[in-house]
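A.B. asks: One structure, as structure tokens, below. Some questions next.
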Amino acid sequence: MYSLPLASQTSAPEALVMTRPGSLPEDHPLSNAALPSVFAGLASQILTELAAAIKTVRSMTAAPRRTLKLGYTIGAGLEVVPRLLRTYQERQSDAGIETEEFDFTDPSAGLRDNLVTAAVVRPPLGLAGLVSVELATERLVACLPEDHPLAARESLSVADVLPEPIIAAPVSPGPWRDYWILTDYRSGPPPVVAEAGTLDAEMHLVSRGVGLSITSEAVGLWYKRPGVTFVPIRDLPRCSVSLAWWPQDTGLVAELAAVANEVREKIAQA
């Protein structure tokens, strides 16, 4: 995943990301440390195209507009999405926008099958070529029954949760399911005891004591249920929430991406 610094909202969002297949070790000459110079030409091209797209969209005041369809993954951007939509519609009152929620069977929130124009998602998706703006980052937490032996801890380590029975998302293309069951940290198969396609189903299984799950800190604030508690996992990297779209839709998404960058900055300053 390449992070490219961008100009202010008048030209393009600050944090643009393009995904690519595969990954490279840190000591590789094309590692992330070398990307700013290696991909300078690509960054310049993307900036130019996105800035031009924003100008074009702003100049089309009299032309009919295609409706923008925004997908979002359950539990992703719980604070960001409402503010993003309100701000966008205040700025673009004549622009049509529709939203659709996707459960865990499609972590791409419609992007994989081109069902939406853009989507608020939680990487990793494993879709090469997507362009994205990071909206927020959050700590990962363990979702536990309130009477679980680990539930009273102030924080947990990865080693604490790996032996525990775990609830997984349904199988889907890409690395998303493995990310949330910590497959990269295990030496063997994860002890998956059940699958849940929605947060409600996940919370229900946890409250029954079927197993624990790994989720984001925001879910712990917005989806807390009786019988369930959330404990931070201190040695896992933060997860992210991003607005993502395919490059061919940049003209339609440009204004929304600019608003997303503005909303991101306001949330970070709050």
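Naming scheme: A, B, ... for chains in displayed order of the structure tokens; residues 1 onward per chain; ligands 1 onward as shown.
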Pull the closest atom pair for each residue of region 210-251 of chain A that gets at most 8 Å from region 180-192 of chain A, along with the distance in Å to one decimal, counting only C-alpha atoms, ordering rows by chain and then ascending residue number, as a tab-separated table.
C.D. replies:
residue	atom	partner	partner_atom	distance
A:Ser213	CA	A:Ile181	CA	7.5
A:Ile214	CA	A:Trp180	CA	5.9
A:Thr215	CA	A:Trp180	CA	7.1
A.B. asks: Any chance you could export the current selection's N, CA and C atoms as a PDB file, in the first residue's frame?
C.D. replies:
ATOM      1  N   SER A 213     -13.996 -12.340  19.938  1.00  0.00           N
ATOM      2  CA  SER A 213     -13.758 -11.824  18.591  1.00  0.00           C
ATOM      3  C   SER A 213     -12.800 -10.651  18.683  1.00  0.00           C
ATOM      4  N   ILE A 214     -12.221 -10.295  17.567  1.00  0.00           N
ATOM      5  CA  ILE A 214     -11.345  -9.126  17.474  1.00  0.00           C
ATOM      6  C   ILE A 214     -12.091  -8.069  16.676  1.00  0.00           C
ATOM      7  N   THR A 215     -12.162  -6.874  17.209  1.00  0.00           N
ATOM      8  CA  THR A 215     -12.887  -5.814  16.531  1.00  0.00           C
ATOM      9  C   THR A 215     -12.199  -4.479  16.796  1.00  0.00           C
TER      10      THR A 215
END
A.B. asks: Near Pro237 (chain A), counting only C-alpha atoms, which residues have an atom at most 9 Å away, once you skip same-chain residues fewer than 5 positions from it, shown as a PyMOL selection string?
C.D. replies: chain A and resi 138-140
A.B. asks: With N, CA and C atoms retained, write the just-selected residues as a tab-separated table (two decimals), in the first residue's frame.
C.D. replies:
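Ended up saving to out_20.tsv:
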chain	number	residue	atom	x	y	z
A	138	GLU	N	-7.90	3.29	14.59
A	138	GLU	CA	-8.45	2.89	15.88
A	138	GLU	C	-7.66	1.72	16.46
A	139	ARG	N	-7.69	1.61	17.77
A	139	ARG	CA	-7.07	0.44	18.41
A	139	ARG	C	-7.92	-0.80	18.15
A	140	LEU	N	-7.25	-1.94	18.11
A	140	LEU	CA	-7.95	-3.21	18.05
A	140	LEU	C	-8.23	-3.69	19.47
A.B. asks: What's around Pro123 (chain A) at 12 Å? Count only C-alpha atoms, leave out sequence neighbours fewer than 2 positions away in its own chain, and write the answer as a PyMOL selection string.
C.D. replies: chain A and resi 1+17-19+73+76+107-109+119-121+125-128+130-137+174-180+238-244
A.B. asks: Select, from A:Leu150, A:Ile166, A:Val116, A:Ala218, the residue with the minimum atom-to-atom distance to Glu98 (chain A), counting only C-alpha atoms.
C.D. replies: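 When distances to Glu98 (chain A) are compared using only C-alpha atoms, the smallest one comes from A:Val116.
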A.B. asks: Enumerate, as a ChimeraX atom specification, the complete set of residues in region 65-191 of chain A that a backbone-based DSSP assignment places in strand (DSSP E or B).
C.D. replies: /A:68-73,97-102,118-121,131-138,140-145,156,166-168
A.B. asks: Selected residues, N, CA and C atoms, written as a short mmCIF file (atom, residue, chain, number, x, y, z; two decimals), in the first residue's frame, please.
C.D. replies:
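Below is the file selection12.cif, written as the result:
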data_model
loop_
_atom_site.label_atom_id
_atom_site.label_comp_id
_atom_site.auth_asym_id
_atom_site.auth_seq_id
_atom_site.Cartn_x
_atom_site.Cartn_y
_atom_site.Cartn_z
N LEU A 68 -24.01 9.33 -7.10
CA LEU A 68 -22.90 8.66 -6.45
C LEU A 68 -23.47 7.64 -5.46
N LYS A 69 -23.04 6.40 -5.56
CA LYS A 69 -23.50 5.37 -4.64
C LYS A 69 -22.36 5.02 -3.69
N LEU A 70 -22.60 5.23 -2.41
CA LEU A 70 -21.58 4.99 -1.39
C LEU A 70 -21.92 3.74 -0.59
N GLY A 71 -21.03 2.77 -0.62
CA GLY A 71 -21.17 1.60 0.21
C GLY A 71 -20.40 1.79 1.51
N TYR A 72 -20.77 1.04 2.52
CA TYR A 72 -19.98 1.06 3.76
C TYR A 72 -20.12 -0.27 4.48
N THR A 73 -19.03 -0.67 5.08
CA THR A 73 -18.99 -1.91 5.83
C THR A 73 -19.60 -1.70 7.22
N ILE A 97 -26.80 11.26 -3.98
CA ILE A 97 -25.96 10.26 -3.32
C ILE A 97 -26.85 9.23 -2.65
N GLU A 98 -26.54 7.97 -2.86
CA GLU A 98 -27.25 6.86 -2.23
C GLU A 98 -26.25 6.08 -1.38
N THR A 99 -26.73 5.46 -0.30
CA THR A 99 -25.86 4.67 0.55
C THR A 99 -26.39 3.24 0.68
N GLU A 100 -25.48 2.31 0.90
CA GLU A 100 -25.87 0.91 1.12
C GLU A 100 -24.90 0.28 2.10
N GLU A 101 -25.44 -0.38 3.12
CA GLU A 101 -24.62 -1.07 4.10
C GLU A 101 -24.36 -2.50 3.64
N PHE A 102 -23.12 -2.95 3.83
CA PHE A 102 -22.73 -4.32 3.46
C PHE A 102 -22.26 -5.05 4.71
N ALA A 118 -18.05 4.40 -4.55
CA ALA A 118 -17.01 4.51 -3.53
C ALA A 118 -17.51 3.78 -2.29
N ALA A 119 -16.60 3.54 -1.35
CA ALA A 119 -17.02 2.81 -0.15
C ALA A 119 -16.16 3.20 1.04
N VAL A 120 -16.77 3.19 2.21
CA VAL A 120 -16.05 3.36 3.47
C VAL A 120 -15.78 1.94 3.99
N VAL A 121 -14.51 1.60 4.08
CA VAL A 121 -14.12 0.21 4.35
C VAL A 121 -13.02 0.15 5.40
N VAL A 131 -7.86 3.39 -5.11
CA VAL A 131 -7.37 4.65 -4.55
C VAL A 131 -8.14 4.89 -3.27
N SER A 132 -7.47 5.40 -2.21
CA SER A 132 -8.19 5.59 -0.95
C SER A 132 -7.66 6.76 -0.16
N VAL A 133 -8.53 7.29 0.67
CA VAL A 133 -8.18 8.32 1.64
C VAL A 133 -8.44 7.73 3.03
N GLU A 134 -7.41 7.71 3.86
CA GLU A 134 -7.60 7.21 5.23
C GLU A 134 -8.39 8.23 6.03
N LEU A 135 -9.45 7.76 6.67
CA LEU A 135 -10.33 8.65 7.44
C LEU A 135 -10.02 8.63 8.93
N ALA A 136 -9.63 7.49 9.45
CA ALA A 136 -9.37 7.37 10.89
C ALA A 136 -8.59 6.10 11.16
N THR A 137 -7.94 6.06 12.32
CA THR A 137 -7.32 4.83 12.81
C THR A 137 -7.84 4.57 14.22
N GLU A 138 -7.90 3.29 14.59
CA GLU A 138 -8.45 2.89 15.88
C GLU A 138 -7.66 1.72 16.46
N LEU A 140 -7.25 -1.94 18.11
CA LEU A 140 -7.95 -3.21 18.05
C LEU A 140 -8.23 -3.69 19.47
N VAL A 141 -9.40 -4.29 19.66
CA VAL A 141 -9.80 -4.76 20.98
C VAL A 141 -10.31 -6.18 20.90
N ALA A 142 -10.23 -6.87 22.02
CA ALA A 142 -10.85 -8.20 22.13
C ALA A 142 -12.25 -8.03 22.69
N CYS A 143 -13.21 -8.62 22.02
CA CYS A 143 -14.61 -8.61 22.47
C CYS A 143 -14.84 -9.92 23.24
N LEU A 144 -15.18 -9.80 24.53
CA LEU A 144 -15.21 -10.95 25.42
C LEU A 144 -16.51 -11.02 26.20
N PRO A 145 -16.93 -12.22 26.61
CA PRO A 145 -18.02 -12.30 27.59
C PRO A 145 -17.57 -11.62 28.87
N LEU A 156 -4.63 -6.45 26.92
CA LEU A 156 -4.21 -7.80 26.62
C LEU A 156 -3.07 -7.78 25.61
N ILE A 166 -12.31 -18.49 18.75
CA ILE A 166 -12.55 -17.18 18.12
C ILE A 166 -13.71 -17.26 17.13
N ILE A 167 -14.43 -16.15 17.03
CA ILE A 167 -15.54 -16.03 16.08
C ILE A 167 -15.02 -15.28 14.86
N ALA A 168 -15.28 -15.80 13.69
CA ALA A 168 -14.74 -15.25 12.44
C ALA A 168 -15.86 -14.73 11.55
#
A.B. asks: Quick one: everything within 10 Å of Tyr88 (chain A), counting only C-alpha atoms, minus sequence neighbours fewer than 2 positions away in the same chain. Send it as a ChimeraX atom specification.
C.D. replies: /A:82-86,90-93,95,97,255-260,263
A.B. asks: Create the file for the chosen residues now, containing N, CA and C atoms and written as a PDB file, in the first residue's frame.
C.D. replies:
ATOM      1  N   PRO A  82     -21.714   9.578   8.970  1.00  0.00           N
ATOM      2  CA  PRO A  82     -22.781  10.588   9.040  1.00  0.00           C
ATOM      3  C   PRO A  82     -22.271  12.001   8.808  1.00  0.00           C
ATOM      4  N   ARG A  83     -21.109  12.320   9.386  1.00  0.00           N
ATOM      5  CA  ARG A  83     -20.553  13.665   9.202  1.00  0.00           C
ATOM      6  C   ARG A  83     -20.113  13.880   7.756  1.00  0.00           C
ATOM      7  N   LEU A  84     -19.548  12.851   7.157  1.00  0.00           N
ATOM      8  CA  LEU A  84     -19.125  12.932   5.763  1.00  0.00           C
ATOM      9  C   LEU A  84     -20.305  13.215   4.853  1.00  0.00           C
ATOM     10  N   LEU A  85     -21.409  12.493   5.041  1.00  0.00           N
ATOM     11  CA  LEU A  85     -22.581  12.671   4.187  1.00  0.00           C
ATOM     12  C   LEU A  85     -23.229  14.040   4.395  1.00  0.00           C
ATOM     13  N   ARG A  86     -23.335  14.472   5.655  1.00  0.00           N
ATOM     14  CA  ARG A  86     -23.934  15.788   5.926  1.00  0.00           C
ATOM     15  C   ARG A  86     -23.129  16.903   5.267  1.00  0.00           C
ATOM     16  N   GLU A  90     -24.275  19.347   2.155  1.00  0.00           N
ATOM     17  CA  GLU A  90     -24.318  20.801   2.357  1.00  0.00           C
ATOM     18  C   GLU A  90     -23.556  21.518   1.252  1.00  0.00           C
ATOM     19  N   ARG A  91     -22.425  20.944   0.858  1.00  0.00           N
ATOM     20  CA  ARG A  91     -21.584  21.568  -0.185  1.00  0.00           C
ATOM     21  C   ARG A  91     -22.127  21.308  -1.582  1.00  0.00           C
ATOM     22  N   GLN A  92     -22.738  20.139  -1.773  1.00  0.00           N
ATOM     23  CA  GLN A  92     -23.208  19.729  -3.097  1.00  0.00           C
ATOM     24  C   GLN A  92     -24.694  19.386  -3.013  1.00  0.00           C
ATOM     25  N   SER A  93     -25.500  20.387  -2.771  1.00  0.00           N
ATOM     26  CA  SER A  93     -26.929  20.155  -2.541  1.00  0.00           C
ATOM     27  C   SER A  93     -27.643  19.586  -3.766  1.00  0.00           C
ATOM     28  N   ALA A  95     -26.226  17.373  -5.789  1.00  0.00           N
ATOM     29  CA  ALA A  95     -25.618  16.084  -6.132  1.00  0.00           C
ATOM     30  C   ALA A  95     -26.410  14.944  -5.505  1.00  0.00           C
ATOM     31  N   ILE A  97     -26.797  11.261  -3.979  1.00  0.00           N
ATOM     32  CA  ILE A  97     -25.959  10.260  -3.322  1.00  0.00           C
ATOM     33  C   ILE A  97     -26.853   9.226  -2.648  1.00  0.00           C
ATOM     34  N   GLU A 255     -15.036  15.323  -5.262  1.00  0.00           N
ATOM     35  CA  GLU A 255     -15.558  16.237  -4.248  1.00  0.00           C
ATOM     36  C   GLU A 255     -15.771  15.513  -2.914  1.00  0.00           C
ATOM     37  N   LEU A 256     -16.270  14.298  -2.971  1.00  0.00           N
ATOM     38  CA  LEU A 256     -16.472  13.527  -1.745  1.00  0.00           C
ATOM     39  C   LEU A 256     -15.138  13.252  -1.069  1.00  0.00           C
ATOM     40  N   ALA A 257     -14.106  12.956  -1.860  1.00  0.00           N
ATOM     41  CA  ALA A 257     -12.778  12.705  -1.292  1.00  0.00           C
ATOM     42  C   ALA A 257     -12.231  13.949  -0.614  1.00  0.00           C
ATOM     43  N   ALA A 258     -12.461  15.124  -1.225  1.00  0.00           N
ATOM     44  CA  ALA A 258     -12.007  16.370  -0.617  1.00  0.00           C
ATOM     45  C   ALA A 258     -12.722  16.617   0.708  1.00  0.00           C
ATOM     46  N   VAL A 259     -14.021  16.367   0.749  1.00  0.00           N
ATOM     47  CA  VAL A 259     -14.786  16.518   1.992  1.00  0.00           C
ATOM     48  C   VAL A 259     -14.305  15.501   3.028  1.00  0.00           C
ATOM     49  N   ALA A 260     -14.017  14.278   2.590  1.00  0.00           N
ATOM     50  CA  ALA A 260     -13.531  13.244   3.508  1.00  0.00           C
ATOM     51  C   ALA A 260     -12.241  13.674   4.178  1.00  0.00           C
ATOM     52  N   VAL A 263     -13.151  16.257   6.844  1.00  0.00           N
ATOM     53  CA  VAL A 263     -13.763  15.614   8.014  1.00  0.00           C
ATOM     54  C   VAL A 263     -12.705  14.884   8.828  1.00  0.00           C
TER      55      VAL A 263
END
A.B. asks: If you measure from CA of Val171 (chain A) to CA of Gly77 (chain A), what distance in Å do you get, rounded to one decimal?
C.D. replies: 22.4 Å
A.B. asks: Grab the CA of Leu111 (chain A) to CA of Asp249 (chain A) distance for me, in Å with one decimal place.
C.D. replies: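 Interatomic distance here is 11.2 Å.
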A.B. asks: Taking into account only C-alpha atoms, which residue in the set A:Glu154, A:Asp147, A:Glu265, A:Glu195 is nearest to Gly227 (chain A)?
C.D. replies: A:Asp147
A.B. asks: Which value, in Å to one decimal, gives the distance between CA of Asp235 (chain A) and CA of Gly211 (chain A)?
C.D. replies: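 Separating CA of Asp235 (chain A) from CA of Gly211 (chain A) is a distance of 20.8 Å.
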A.B. asks: Considering only C-alpha atoms, can you say which of A:Pro165, A:Asp113, A:Arg66, A:Ile74 comes closest to Ala201 (chain A)?
C.D. replies: A:Ile74
